[in-house]
There are 2 protein chains.
Amino acid sequence: MATAHPGNEPNPGMIFETLMAFQRTAALRAAIELDVFRAVGEGPGDVVSLARNCRASERGIRILCDYLVVIGLLAKADGRYHHTATSGLFLDPCSPACVASIARFLGNPALIEPSQHLADIVRSGHTTLDGQGSVEPDNPVWVDFAHSMAPMMAPMTAPLGQIVLEGLAGPVRVLDIAAGHGLFGIEVAKQHPQARVVAVDWAPVLEVAKANAQKAGVAGRYETLPGSAFDVEFGGPYDIVLLTNFLHHFDHATCVGLLRKVRAALKPGGRAAALEFVPNEDRVSPPIPAMFSMSMLTTTPAGDAYTFRQLEAMYREAGLERIAAHPVPTGPHTVVVGYAG
Amino acid sequence: MATAHPGNEPNPGMIFETLMAFQRTAALRAAIELDVFRAVGEGPGDVVSLARNCRASERGIRILCDYLVVIGLLAKADGRYHHTATSGLFLDPCSPACVASIARFLGNPALIEPSQHLADIVRSGHTTLDGQGSVEPDNPVWVDFAHSMAPMMAPMTAPLGQIVLEGLAGPVRVLDIAAGHGLFGIEVAKQHPQARVVAVDWAPVLEVAKANAQKAGVAGRYETLPGSAFDVEFGGPYDIVLLTNFLHHFDHATCVGLLRKVRAALKPGGRAAALEFVPNEDRVSPPIPAMFSMSMLTTTPAGDAYTFRQLEAMYREAGLERIAAHPVPTGPHTVVVGYAG
């Protein structure tokens with residue numbers, strides 16, 4: 001971020017900034033809610049115009065926009081605010097690449113609230129949320145996820161499609177487990193006109209996926225299978241099973257159990273492909289995958305960001321072979337592929 | 001912080017990290033609460049020992065400590081956690097320079113809660129807290145401040161003492177407005193054996209200052225004057241009036257009014273010295289003073305981090321002269337000095 005410090009010089013400012021880091025989140029969420037990034041894109045970007053366009057006070061807009069400049073999400077020159085490369089492309093709602101909607105899922109009070117009790121969570125080792133936490137059956141946060149996280153996942157769909165379709169020709173049956181917005185299965189259908197997709201998720205989530213399949217023109221090759229991935233009959237056999245952003249919610253044994261069920265639903269030679277935050281074996285790099293464990297600590301009973309070695313061990317225990325990691329060049333995720341037989 | 005990105009390349013990860021920055025605050029607060037930094041200092045620093053020492057789960061400790069490594073507040077080698085230069089000096093309670101107590105004031109729920117409504121605050125232009133917000137008479141947060149923020153202010157007391165005592169000899173009368181922990185006035189008394197200090201603050205806050213004066217061996221030259229700086233009779237005349245971390249809570253007119261009252265309490269040639277977060281005239285650098293405006297937006301009706309030009313204008317309107325800024329080399333603050341007559 002904009003306030004980088006070298007790690008090898010003692011720096012009390014770093015402690016102050018970390019204790020105040022919650023303001024960074026609050027500032028970005030408020031700016032999205034007030035449509036500040038649209039107003040900045042429209043110009044001229046002075047405080048008076050921005051306050052008028054955002055129906056907000058001049059004091060509030062000035063302090064908020066200055067703060068966004070400090071954290072690198074706006075620029076300022078001659079008293080006027082402008083987009084940075086990042087804010088123009090990813091935060092201005094006029095940009096087709098805008099990801100501002102992710103603030104809704106990432107700011108979902110149900111998922112943020114446990115962080116208020118992090119010391120208790122570290123003591124007990126699991127979320128303060130009831131039952132299975134974020135993965136409790138029919139948790140409405142996944143409808144929110146399906147609606148709001150699609151723009152962040154979109155840049156990763158094309159590489160994932162290429163990875164999982166590699167070497168396949170003719171009719172291809174695809175099972176998309178925990179489909180969410182459905183974008184990954186839909187992209188496979190788009191890339192391969194003979195692919196047929198079955199999407200599994202909670203029924204209200206699948207409504208979002210179905211609408212996206214319709215928009216993408218692949219609804220005729222898109223079926224839905226509502227329910228828990230642990231309970232529904234998968235049918236099949238399939239050439240490809242997708243598990244996107246799913247394994248990290250569960251412990252090793254649960255993942256192995258699910259991967260066994262996946263393997264049983266694959267054709268001989270079929271492939272399972274998980275899209276995951278995969279930290280290096282040191283578990284502290286790269287930053288985004290490594291930090292993701294914290295979200296699993298706070299919102300699930302036993303989830304984690306697994307390293308490749310950990311995922312590889314699960315795949316092997318489930319009887320999958322030729323396991324390989326494919327980092328996605330357009331995002332922080334990695335696709336881990338394994339084959340049945 | 002550890003996850004720096006260049007500002008001129010579009011980077012959606014920066015948006016994700018900003019929306020998750022609240023976890024940085026939660027992680028540091030939890031680690032302080034669980035006494036993780038003491039346990040890391042004691043060694044050997046493996047997950048099992050740390051979990052035992054902190055009476056916490058291994059899963060929780062591992063994920064928390066890995067997260068602290070990512071944000072630069074611990075180091076990790078061969079699966080063991082160690083201090084960084086910053087955590088060893090400023091977060092381990094065995095270090096005399098430890099500032100961990102600041103988490104208490106900076107994490108005070110009464111001061112953090114308004115950030116949940118930041119969009120509303122930006123709309124209205126002032127805090128959602130009742131009345132005068134953080135500066136409402138007798139607000140108990142200032143007792144918390146006096147108890148917990150002293151270690152962060154301590155490194156700045158010596159330079160401040162030197163700045164305000166420069167050129168003075170013989171008996172010196174000092175008024176310390178909004179004394180809080182009292183460290184600044186106490187330091188002046190320590191540096192100048194003929195200095196006598198009168199400290200103004202709310203009565204329960206002055207109990208903390210009195211205890212600190214006692215500990216510092218200057219209680220015989222330390223008096224207290226309980227009440228609001230806007231209401232009490234200052235007495236005097238004084239050679240030095242200190243206004244530390246105070247002006248930023250108020251608007252221009254209120255600051256000018258108070259500075260007039262200060263000037264009236266100064267001897268001819270006496271000096272007023274404010275310790276302030278003073279951003280550059282661009283208002284977006286350096287980071288800590290510039291970001292401080294956000295705290296004033298969220299917790300006060302009209303406070304701000306004022307630039308030197310703005311403070312200079314207030315001083316002039318109040319009849320003070322020869323106004324100069326002295327950046328404090330040991331902290332993010334600046335001392336702004338002006339003279340009466």
# chains A, B, ... in the order shown; residues from 1 in each chain; ligands from 1
>>> calpha_fit_and_write(fixed="chain A", moving="chain B", output="compact mmCIF listing (two decimals) with C-alpha atoms, in the first residue's frame")
# COMPACT_ATOMS: atom_id res chain seq x y z
CA MET B 1 -0.05 -0.03 0.00
CA ALA B 2 1.00 3.57 -0.23
CA THR B 3 2.51 3.66 3.23
CA ALA B 4 5.16 1.00 2.77
CA HIS B 5 7.97 0.72 5.28
CA PRO B 6 11.07 -1.41 5.20
CA GLY B 7 10.61 -4.35 7.56
CA ASN B 8 14.09 -4.20 9.03
CA GLU B 9 13.97 -0.79 10.70
CA PRO B 10 11.93 -0.46 13.88
CA ASN B 11 8.89 1.61 13.01
CA PRO B 12 6.21 2.46 15.56
CA GLY B 13 4.19 4.15 12.81
CA MET B 14 3.54 0.71 11.34
CA ILE B 15 1.77 -0.29 14.56
CA PHE B 16 -0.31 2.89 14.56
CA GLU B 17 -1.24 2.34 10.90
CA THR B 18 -2.19 -1.29 11.51
CA LEU B 19 -4.41 -0.35 14.45
CA MET B 20 -6.08 2.22 12.18
CA ALA B 21 -6.25 -0.03 9.08
CA PHE B 22 -9.97 -0.57 9.67
CA GLN B 23 -10.38 2.98 8.34
CA ARG B 24 -9.03 1.86 4.94
CA THR B 25 -11.89 -0.59 4.61
CA ALA B 26 -14.42 1.94 5.87
CA ALA B 27 -13.16 4.62 3.45
CA LEU B 28 -13.36 2.40 0.37
CA ARG B 29 -16.78 1.07 1.30
CA ALA B 30 -18.11 4.59 1.93
CA ALA B 31 -16.67 5.88 -1.36
CA ILE B 32 -18.34 3.05 -3.28
CA GLU B 33 -21.63 3.63 -1.46
CA LEU B 34 -21.50 7.39 -2.22
CA ASP B 35 -20.57 6.76 -5.88
CA VAL B 36 -17.40 8.82 -5.47
CA PHE B 37 -15.52 6.89 -8.17
CA ARG B 38 -18.18 7.63 -10.77
CA ALA B 39 -18.14 11.32 -9.80
CA VAL B 40 -14.33 11.46 -10.01
CA GLY B 41 -14.45 9.86 -13.47
CA GLU B 42 -16.98 12.43 -14.65
CA GLY B 43 -14.77 15.32 -13.49
CA PRO B 44 -13.85 18.08 -12.94
CA GLY B 45 -12.94 16.53 -9.58
CA ASP B 46 -12.89 19.55 -7.27
CA VAL B 47 -14.38 19.19 -3.79
CA VAL B 48 -17.42 21.38 -4.52
CA SER B 49 -18.47 19.42 -7.64
CA LEU B 50 -17.81 16.06 -6.03
CA ALA B 51 -19.82 16.98 -2.95
CA ARG B 52 -22.72 18.10 -5.15
CA ASN B 53 -22.57 15.00 -7.37
CA CYS B 54 -22.40 12.65 -4.38
CA ARG B 55 -24.98 14.61 -2.35
CA ALA B 56 -22.49 14.88 0.45
CA SER B 57 -20.80 17.55 2.54
CA GLU B 58 -17.64 19.27 1.32
CA ARG B 59 -15.79 18.51 4.55
CA GLY B 60 -16.69 14.84 4.28
CA ILE B 61 -15.78 14.54 0.60
CA ARG B 62 -12.47 16.38 1.01
CA ILE B 63 -11.34 14.23 3.92
CA LEU B 64 -12.56 11.00 2.31
CA CYS B 65 -10.90 11.74 -1.04
CA ASP B 66 -7.63 12.84 0.58
CA TYR B 67 -7.63 9.58 2.52
CA LEU B 68 -8.20 7.60 -0.69
CA VAL B 69 -5.22 9.41 -2.23
CA VAL B 70 -3.02 8.41 0.71
CA ILE B 71 -3.99 4.74 0.32
CA GLY B 72 -3.42 4.86 -3.45
CA LEU B 73 -7.02 4.66 -4.67
CA LEU B 74 -7.25 8.20 -6.06
CA ALA B 75 -4.75 10.79 -7.28
CA LYS B 76 -4.71 14.53 -6.55
CA ALA B 77 -3.21 17.38 -8.51
CA ASP B 78 -3.85 21.12 -8.14
CA GLY B 79 -6.57 20.42 -5.59
CA ARG B 80 -8.54 18.15 -7.94
CA TYR B 81 -9.04 14.43 -7.61
CA HIS B 82 -8.39 12.05 -10.49
CA HIS B 83 -8.42 8.32 -11.01
CA THR B 84 -5.35 6.20 -10.50
CA ALA B 85 -4.88 3.36 -12.98
CA THR B 86 -6.48 1.04 -10.42
CA SER B 87 -9.47 3.21 -9.49
CA GLY B 88 -10.24 4.10 -13.10
CA LEU B 89 -10.26 0.51 -14.30
CA PHE B 90 -11.61 -1.31 -11.26
CA LEU B 91 -13.67 1.16 -9.20
CA ASP B 92 -15.36 3.50 -11.68
CA PRO B 93 -18.76 1.95 -12.46
CA CYS B 94 -18.40 3.17 -16.07
CA SER B 95 -15.51 0.73 -16.55
CA PRO B 96 -16.54 -2.75 -17.76
CA ALA B 97 -13.84 -4.17 -15.45
CA CYS B 98 -15.31 -2.49 -12.36
CA VAL B 99 -15.18 -4.78 -9.30
CA ALA B 100 -16.79 -2.38 -6.82
CA SER B 101 -19.63 -4.84 -6.19
CA ILE B 102 -17.22 -7.10 -4.26
CA ALA B 103 -17.52 -4.61 -1.39
CA ARG B 104 -20.98 -6.04 -0.82
CA PHE B 105 -19.88 -9.63 -0.19
CA LEU B 106 -16.58 -8.71 1.49
CA GLY B 107 -18.46 -6.20 3.65
CA ASN B 108 -21.30 -8.56 4.52
CA PRO B 109 -21.87 -7.89 8.25
CA ALA B 110 -22.42 -11.61 8.93
CA LEU B 111 -18.90 -12.40 7.68
CA ILE B 112 -17.19 -9.37 9.23
CA GLU B 113 -18.73 -9.56 12.69
CA PRO B 114 -16.62 -12.52 13.90
CA SER B 115 -13.44 -10.42 13.50
CA GLN B 116 -14.64 -8.39 16.47
CA HIS B 117 -13.98 -11.48 18.57
CA LEU B 118 -10.75 -12.61 16.96
CA ALA B 119 -8.95 -13.27 20.25
CA ASP B 120 -11.77 -15.66 21.24
CA ILE B 121 -11.61 -17.33 17.84
CA VAL B 122 -7.85 -17.83 18.16
CA ARG B 123 -8.38 -19.31 21.63
CA SER B 124 -11.02 -21.79 20.47
CA GLY B 125 -9.61 -22.36 16.99
CA HIS B 126 -12.88 -21.88 15.15
CA THR B 127 -15.46 -19.30 14.10
CA THR B 128 -17.87 -17.76 16.58
CA LEU B 129 -20.60 -18.19 13.95
CA ASP B 130 -23.17 -20.89 14.67
CA GLY B 131 -22.99 -24.36 13.16
CA GLN B 132 -20.84 -24.55 10.07
CA GLY B 133 -20.40 -20.77 9.92
CA SER B 134 -20.30 -19.39 6.40
CA VAL B 135 -20.90 -22.88 4.98
CA GLU B 136 -24.01 -23.58 7.04
CA PRO B 137 -26.70 -25.00 4.69
CA ASP B 138 -28.56 -22.34 2.72
CA ASN B 139 -26.55 -19.48 4.22
CA PRO B 140 -27.83 -16.40 2.36
CA VAL B 141 -24.29 -14.97 2.09
CA TRP B 142 -23.79 -17.20 -0.97
CA VAL B 143 -26.56 -15.46 -2.88
CA ASP B 144 -24.69 -12.25 -2.09
CA PHE B 145 -21.48 -13.91 -3.25
CA ALA B 146 -23.07 -15.01 -6.53
CA HIS B 147 -24.38 -11.51 -7.18
CA SER B 148 -21.38 -9.46 -6.15
CA MET B 149 -18.15 -11.43 -6.60
CA ALA B 150 -18.57 -12.25 -10.30
CA PRO B 151 -16.54 -9.22 -11.53
CA MET B 152 -13.57 -10.31 -9.45
CA MET B 153 -13.75 -13.89 -10.73
CA ALA B 154 -14.41 -12.93 -14.38
CA PRO B 155 -10.75 -12.35 -15.33
CA MET B 156 -9.91 -15.86 -14.11
CA THR B 157 -12.57 -17.72 -16.07
CA ALA B 158 -10.77 -17.79 -19.46
CA PRO B 159 -7.50 -19.23 -18.10
CA LEU B 160 -9.44 -21.75 -16.01
CA GLY B 161 -11.44 -22.82 -19.07
CA GLN B 162 -8.25 -23.36 -21.07
CA ILE B 163 -6.62 -25.35 -18.28
CA VAL B 164 -9.53 -27.73 -17.72
CA LEU B 165 -10.38 -28.24 -21.41
CA GLU B 166 -6.81 -28.93 -22.47
CA GLY B 167 -6.67 -31.94 -24.80
CA LEU B 168 -10.41 -32.59 -24.79
CA ALA B 169 -12.47 -32.89 -27.98
CA GLY B 170 -16.04 -33.91 -28.75
CA PRO B 171 -18.86 -34.06 -26.20
CA VAL B 172 -17.73 -33.03 -22.71
CA ARG B 173 -19.77 -33.34 -19.53
CA VAL B 174 -18.94 -30.84 -16.79
CA LEU B 175 -20.00 -30.80 -13.14
CA ASP B 176 -19.59 -27.38 -11.51
CA ILE B 177 -19.68 -27.83 -7.72
CA ALA B 178 -20.52 -24.75 -5.63
CA ALA B 179 -21.14 -22.93 -8.88
CA GLY B 180 -22.13 -19.61 -7.27
CA HIS B 181 -22.44 -17.02 -10.06
CA GLY B 182 -21.77 -19.92 -12.44
CA LEU B 183 -19.12 -18.05 -14.42
CA PHE B 184 -16.57 -20.85 -14.45
CA GLY B 185 -18.86 -23.55 -15.81
CA ILE B 186 -20.43 -21.06 -18.21
CA GLU B 187 -16.98 -20.15 -19.56
CA VAL B 188 -16.22 -23.83 -20.20
CA ALA B 189 -19.50 -24.06 -22.14
CA LYS B 190 -18.56 -20.95 -24.10
CA GLN B 191 -15.07 -22.22 -24.95
CA HIS B 192 -16.29 -25.71 -25.90
CA PRO B 193 -19.56 -25.82 -27.87
CA GLN B 194 -19.99 -29.54 -27.15
CA ALA B 195 -19.72 -29.05 -23.38
CA ARG B 196 -22.81 -29.58 -21.19
CA VAL B 197 -22.71 -28.25 -17.64
CA VAL B 198 -24.45 -29.40 -14.47
CA ALA B 199 -24.21 -26.79 -11.71
CA VAL B 200 -24.54 -27.66 -8.00
CA ASP B 201 -25.31 -25.09 -5.32
CA TRP B 202 -28.13 -23.98 -3.03
CA ALA B 203 -31.32 -23.37 -5.03
CA PRO B 204 -31.43 -19.55 -4.57
CA VAL B 205 -27.79 -19.31 -5.62
CA LEU B 206 -28.47 -21.35 -8.78
CA GLU B 207 -31.03 -18.76 -9.85
CA VAL B 208 -28.13 -16.33 -10.25
CA ALA B 209 -26.08 -18.89 -12.19
CA LYS B 210 -29.03 -19.71 -14.47
CA ALA B 211 -29.54 -16.03 -15.26
CA ASN B 212 -25.84 -15.71 -16.10
CA ALA B 213 -25.98 -18.82 -18.35
CA GLN B 214 -28.94 -17.27 -20.15
CA LYS B 215 -27.06 -13.99 -20.65
CA ALA B 216 -24.03 -15.91 -21.94
CA GLY B 217 -26.20 -17.81 -24.46
CA VAL B 218 -25.39 -21.26 -23.05
CA ALA B 219 -28.64 -21.93 -21.16
CA GLY B 220 -29.47 -24.80 -23.54
CA ARG B 221 -26.43 -26.71 -22.31
CA TYR B 222 -26.78 -25.70 -18.65
CA GLU B 223 -28.59 -27.71 -15.98
CA THR B 224 -28.82 -27.15 -12.25
CA LEU B 225 -28.76 -29.58 -9.36
CA PRO B 226 -29.84 -27.85 -6.15
CA GLY B 227 -28.53 -28.97 -2.76
CA SER B 228 -25.38 -29.64 -0.77
CA ALA B 229 -22.39 -30.97 -2.70
CA PHE B 230 -22.00 -33.45 0.14
CA ASP B 231 -25.55 -34.82 -0.20
CA VAL B 232 -26.79 -34.63 -3.80
CA GLU B 233 -26.26 -37.46 -6.27
CA PHE B 234 -23.82 -36.07 -8.81
CA GLY B 235 -24.95 -38.37 -11.66
CA GLY B 236 -22.38 -38.38 -14.44
CA PRO B 237 -19.94 -39.72 -15.28
CA TYR B 238 -18.20 -36.44 -16.05
CA ASP B 239 -15.13 -35.44 -18.01
CA ILE B 240 -14.51 -32.42 -15.80
CA VAL B 241 -15.49 -31.59 -12.22
CA LEU B 242 -14.93 -27.99 -11.12
CA LEU B 243 -14.51 -27.13 -7.44
CA THR B 244 -14.06 -23.36 -7.38
CA ASN B 245 -13.45 -21.53 -4.09
CA PHE B 246 -14.86 -24.46 -2.18
CA LEU B 247 -12.28 -26.78 -0.57
CA HIS B 248 -10.85 -23.99 1.63
CA HIS B 249 -14.02 -24.00 3.74
CA PHE B 250 -13.39 -27.51 5.08
CA ASP B 251 -10.84 -29.58 6.96
CA HIS B 252 -8.59 -32.18 5.35
CA ALA B 253 -10.85 -35.18 6.03
CA THR B 254 -13.94 -33.43 4.67
CA CYS B 255 -12.07 -32.39 1.53
CA VAL B 256 -10.81 -35.95 1.00
CA GLY B 257 -14.35 -37.31 1.42
CA LEU B 258 -15.70 -34.86 -1.13
CA LEU B 259 -12.83 -35.55 -3.56
CA ARG B 260 -13.60 -39.30 -3.32
CA LYS B 261 -17.19 -38.56 -4.27
CA VAL B 262 -15.87 -36.41 -7.12
CA ARG B 263 -13.56 -39.16 -8.32
CA ALA B 264 -16.44 -41.63 -8.30
CA ALA B 265 -18.38 -39.26 -10.57
CA LEU B 266 -15.52 -38.88 -13.08
CA LYS B 267 -15.04 -40.96 -16.21
CA PRO B 268 -11.76 -42.90 -16.27
CA GLY B 269 -9.21 -40.26 -17.23
CA GLY B 270 -11.59 -37.47 -16.20
CA ARG B 271 -10.24 -34.50 -14.31
CA ALA B 272 -11.06 -32.66 -11.10
CA ALA B 273 -10.03 -28.99 -11.01
CA ALA B 274 -10.09 -26.87 -7.85
CA LEU B 275 -9.66 -23.09 -8.02
CA GLU B 276 -8.03 -22.12 -4.74
CA PHE B 277 -6.00 -19.54 -2.85
CA VAL B 278 -2.77 -21.59 -2.64
CA PRO B 279 -0.06 -20.04 -0.46
CA ASN B 280 3.56 -21.14 -0.83
CA GLU B 281 4.77 -23.87 1.51
CA ASP B 282 6.04 -21.15 3.90
CA ARG B 283 2.33 -20.20 4.33
CA VAL B 284 3.23 -16.47 4.46
CA SER B 285 3.53 -15.68 0.73
CA PRO B 286 2.22 -14.44 -1.62
CA PRO B 287 0.21 -11.98 0.50
CA ILE B 288 -3.35 -12.50 -0.78
CA PRO B 289 -3.42 -16.32 -0.69
CA ALA B 290 -1.52 -16.35 2.62
CA MET B 291 -3.84 -13.82 4.27
CA PHE B 292 -6.89 -15.75 3.12
CA SER B 293 -6.45 -18.26 5.95
CA MET B 294 -7.59 -15.50 8.31
CA SER B 295 -10.97 -15.37 6.58
CA MET B 296 -11.33 -19.12 6.98
CA LEU B 297 -10.32 -18.93 10.65
CA THR B 298 -12.92 -16.27 11.38
CA THR B 299 -15.83 -17.68 9.37
CA THR B 300 -15.52 -21.49 9.35
CA PRO B 301 -15.03 -24.25 11.92
CA ALA B 302 -11.94 -25.76 10.26
CA GLY B 303 -11.26 -24.27 6.82
CA ASP B 304 -7.88 -23.05 5.57
CA ALA B 305 -5.89 -21.82 2.60
CA TYR B 306 -4.09 -25.04 1.71
CA THR B 307 -0.62 -25.26 0.21
CA PHE B 308 -0.09 -27.31 -2.93
CA ARG B 309 1.44 -30.13 -0.89
CA GLN B 310 -1.63 -30.25 1.32
CA LEU B 311 -4.01 -30.25 -1.64
CA GLU B 312 -1.88 -32.87 -3.39
CA ALA B 313 -2.12 -35.11 -0.32
CA MET B 314 -5.94 -34.76 -0.32
CA TYR B 315 -6.14 -35.58 -4.02
CA ARG B 316 -3.93 -38.65 -3.58
CA GLU B 317 -5.93 -39.93 -0.62
CA ALA B 318 -9.05 -39.57 -2.76
CA GLY B 319 -7.45 -41.68 -5.50
CA LEU B 320 -6.71 -38.88 -7.95
CA GLU B 321 -3.47 -38.89 -9.93
CA ARG B 322 -1.10 -36.71 -11.97
CA ILE B 323 -1.80 -33.75 -9.70
CA ALA B 324 -0.50 -30.39 -10.92
CA ALA B 325 -0.81 -26.72 -9.94
CA HIS B 326 -1.59 -24.11 -12.61
CA PRO B 327 -1.28 -20.56 -11.25
CA VAL B 328 -3.86 -18.29 -12.89
CA PRO B 329 -1.96 -15.38 -14.47
CA THR B 330 -4.93 -13.00 -14.15
CA GLY B 331 -5.66 -13.41 -10.45
CA PRO B 332 -4.37 -14.56 -7.06
CA HIS B 333 -5.73 -18.09 -7.50
CA THR B 334 -4.25 -21.42 -8.58
CA VAL B 335 -6.03 -24.27 -10.38
CA VAL B 336 -5.09 -27.67 -8.98
CA VAL B 337 -5.91 -30.48 -11.42
CA GLY B 338 -5.95 -34.23 -10.73
CA TYR B 339 -7.07 -37.18 -12.84
CA ALA B 340 -9.18 -40.26 -12.18
CA GLY B 341 -7.48 -43.49 -13.14
>>> select_by_dssp(residues="segment 70-291 of chain A", states="strand (DSSP E or B)", output="ChimeraX atom specification")
/A:75-77,80-82,172-177,195-201,222-226,238-244,266-276
